There are 2 protein chains.
Amino acid sequence: MKYDLILANVAKHITLTSDEIRYFISLLNFREVTRNECLLEAEETCSVINYVHAGVLRAYYLDKQGKESTIMFATADWWVTDMYCFLNQKPAMMHIEAIERSCILQLTKERLDQLFVEVPKFERFFRILMQNAYTREQLRTIQTLSLSAEARYTNFLKKYPQVAQQVTQRQIASYLGITPEFLSTIRKNKQKGSIS
Amino acid sequence: MKYDLILANVAKHITLTSDEIRYFISLLNFREVTRNECLLEAEETCSVINYVHAGVLRAYYLDKQGKESTIMFATADWWVTDMYCFLNQKPAMMHIEAIERSCILQLTKERLDQLFVEVPKFERFFRILMQNAYTREQLRTIQTLSLSAEARYTNFLKKYPQVAQQVTQRQIASYLGITPEFLSTIRKNKQKGSIS
DNA sequence: CGTCTATTTGAATGTACTCAAAAGCGGTGG
DNA sequence: CCACCGCTTTTGAGTACATTCAAATAGACG
């Protein structure tokens with residue numbers, strides 16, 4: 001059943017009654033997106049937070065020169081949105097697109113706020129979600145500051161081995177903050193190193 | 001009174017009764033630290049979250065080569081800790097030191113957990129705190145990926161003008177992920193630009 | 001006042017980028 | 001099912017950005 005995954009995700013941190021479960025599910029919208037379809041374009045208002053039931057999404061920033069910077073990949077069982085713009089209902093800075101055909105459960109800002117009032121346990125759930133997102137992001141900052149591009153790539157492969165299979169090298173490069181050409185060079189050098 | 005600031009900080013997001021205020025305050029420990037004093041050394045267990053009542057703290061990561069990477073500066077009215085290690089009660093990755101004489105209010109993990117049980121409103125407060133921390137950190141990631149060192153420096157000055165006055169250039173450089181020498185060069189070039 | 005550290009400056013080096021072209025791979029339509 | 005087209009990846013040469021090392025200067029603290 002299509003709500004199993006999301007309920008298990010919630011159950012990791014809070015315990016709901018069956019009424020609460022029914023209510024929570026009633027707030028969700030199911031959406032299917034095709035490969036390369038965009039869930040959010042920059043400048044649009046970001047009205048929903050997305051739970052990835054299946055597939056892979058990518059959030060990225062596009063600067064005036066047309067350079068993409070990948071902010072995050074979201075595979076099955078991840079939550080993703082342009083959080084700043086979602087919370088403040090401002091025009092989005094990011095784009096969010098489906099890398100492959102994906103199934104998404106969406107929760108609007110209004111309904112989330114309503115959920116916090118009706119089932120305050122969800123304050124706890126989202127606190128923990130935000131804590132995890134924050135510490136993950138901070139770890140990324142530390143690695144960006146302290147590690148070389150090659151070390152960051154090695155780390156990425158170790159931390160997200162399945163994501164590395166599902167996305168292109170160009171996209172990985174834009175996550176690491178390097179050019180696809182340079183990532184290619186790094187890969188060549190790593191191979192040489194591992195033969196000896 | 002030394003709890004005014006922290007209560008105003010809390011009041012920005014939740015409203016407490018006087019009993020709740022009294023209880024909250026009873027959980028806090030006041031601590032004064034001198035210039036250059038360390039609140040947390042890497043490998044120690046990070047047992048507290050710190051609210052900066054006055055002064056400036058700096059959280060940084062120190063790698064095996066001895067290079068410092070500044071994770072954040074915390075001035076008056078900021079919360080700071082090694083969040084990952086605080087939440088999971090793991091040995092700290094960061095160091096936290098006072099840049100100048102500072103007054104801190106500390107909350108242990110145990111007492112915070114207790115606070116969540118006794119006054120569930122604090123779940124909401126910390127959810128919002130974590131949301132803000134997360135979106136701030138994500139914005140930093142975007143800028144690190146998409147901007148040049150000079151643009152990042154300009155941005156830092158604009159975003160944290162008073163912090164820029166309170167810390168050394170070496171510390172700013174380690175926040176931006178560049179060497180102090182290169183920051184010096186950037187400053188020289190900026191001056192030239194602004195004369196013409 | 002002296003010492004210690006921060007900042008500046010410059011030269012040499014290394015890391016990562018740009019541009020261009022070739023090779024590889026995957027998806028789509030015929 | 002194959003062939004083509006478009007995009008991704010690789011490769012290489014030349015360049016720019018940022019680092020290292022060393023030394024001089026300037027500031028700050030005790």
# chains A, B, ... in the order shown; residues from 1 in each chain; ligands from 1
>>> residues_around(residues="DC4 in chain D", least_positions_apart="4", cutoff="12 Å", atoms="only C-alpha atoms (C1' of nucleotides)", output="JSON, numbers by chain")
{"C": [26, 27, 28, 29, 30]}
>>> interface_residues(of="chain D", to="chain B", cutoff="12 Å", atoms="only C-alpha atoms (C1' of nucleotides)", output="number ranges by chain")
D: 17-21, 27-29
>>> write_last_selection(atoms="C-alpha atoms (C1' of nucleotides)", output="compact mmCIF listing (two decimals), in the first residue's frame")
# COMPACT_ATOMS: atom_id res chain seq x y z
C1' DC D 17 42.53 30.77 -9.34
C1' DA D 18 44.30 29.64 -4.97
C1' DT D 19 48.07 27.60 -2.16
C1' DT D 20 52.71 27.16 -0.11
C1' DC D 21 56.68 29.08 1.67
C1' DG D 27 49.32 45.40 15.67
C1' DA D 28 47.98 43.73 20.06
C1' DC D 29 48.58 41.95 24.64
>>> residues_around(residues="DA22 in chain C", least_positions_apart="2", cutoff="10 Å", atoms="only C-alpha atoms (C1' of nucleotides)", output="number ranges by chain")
C: 20, 24; D: 10-11
>>> write_last_selection(atoms="N, CA and C atoms (P, O5', C5', C4', C3', O3' and C1' of nucleotides)", output="PDB file, in the first residue's frame")
ATOM      1  P    DA C  20      36.254  27.334 -28.000  1.00  0.00           P
ATOM      2  O5'  DA C  20      36.814  25.939 -28.537  1.00  0.00           O
ATOM      3  C5'  DA C  20      38.233  25.714 -28.545  1.00  0.00           C
ATOM      4  C4'  DA C  20      38.501  24.275 -28.917  1.00  0.00           C
ATOM      5  C3'  DA C  20      37.472  23.676 -29.886  1.00  0.00           C
ATOM      6  O3'  DA C  20      38.142  22.872 -30.838  1.00  0.00           O
ATOM      7  C1'  DA C  20      37.653  22.326 -27.990  1.00  0.00           C
ATOM      8  P    DG C  24      35.508   4.789 -27.719  1.00  0.00           P
ATOM      9  O5'  DG C  24      34.235   5.005 -26.790  1.00  0.00           O
ATOM     10  C5'  DG C  24      34.417   5.462 -25.446  1.00  0.00           C
ATOM     11  C4'  DG C  24      33.056   5.661 -24.824  1.00  0.00           C
ATOM     12  C3'  DG C  24      32.101   4.480 -24.994  1.00  0.00           C
ATOM     13  O3'  DG C  24      31.493   4.249 -23.740  1.00  0.00           O
ATOM     14  C1'  DG C  24      31.060   6.455 -25.715  1.00  0.00           C
TER      15       DG C  24
ATOM     16  P    DT D  10      34.459   9.448 -17.538  1.00  0.00           P
ATOM     17  O5'  DT D  10      35.465   9.779 -18.739  1.00  0.00           O
ATOM     18  C5'  DT D  10      35.590   8.857 -19.820  1.00  0.00           C
ATOM     19  C4'  DT D  10      36.525   9.427 -20.867  1.00  0.00           C
ATOM     20  C3'  DT D  10      37.913   9.833 -20.354  1.00  0.00           C
ATOM     21  O3'  DT D  10      38.871   9.105 -21.104  1.00  0.00           O
ATOM     22  C1'  DT D  10      36.974  11.530 -21.727  1.00  0.00           C
ATOM     23  P    DT D  11      40.369   8.930 -20.590  1.00  0.00           P
ATOM     24  O5'  DT D  11      41.140  10.067 -21.415  1.00  0.00           O
ATOM     25  C5'  DT D  11      40.969  10.153 -22.825  1.00  0.00           C
ATOM     26  C4'  DT D  11      41.531  11.464 -23.351  1.00  0.00           C
ATOM     27  C3'  DT D  11      42.758  11.993 -22.610  1.00  0.00           C
ATOM     28  O3'  DT D  11      43.874  11.895 -23.486  1.00  0.00           O
ATOM     29  C1'  DT D  11      41.214  13.730 -23.147  1.00  0.00           C
TER      30       DT D  11
END
>>> interface_residues(of="chain C", to="chain B", cutoff="8 Å", atoms="only C-alpha atoms (C1' of nucleotides)", output="PDB file with C-alpha atoms (C1' of nucleotides), in the first residue's frame")
ATOM      1  C1'  DA C   6      48.302  38.684  12.550  1.00  0.00           C
ATOM      2  C1'  DT C   7      48.617  40.644   8.163  1.00  0.00           C
ATOM      3  C1'  DT C   8      50.822  41.841   3.930  1.00  0.00           C
TER       4       DT C   8
END
>>> atom_distance(atom1="CA of Ile186 in chain A", atom2="CA of Tyr153 in chain A")
8.5 Å
>>> select_by_dssp(residues="chain B", states="helix (DSSP H, G or I)", output="ChimeraX atom specification")
/B:4-11,18-26,83-88,109-118,121-146,149-159,161-166,169-176,180-195
>>> atom_distance(atom1="CA of Tyr160 in chain A", atom2="CA of Asp63 in chain B")
22.8 Å
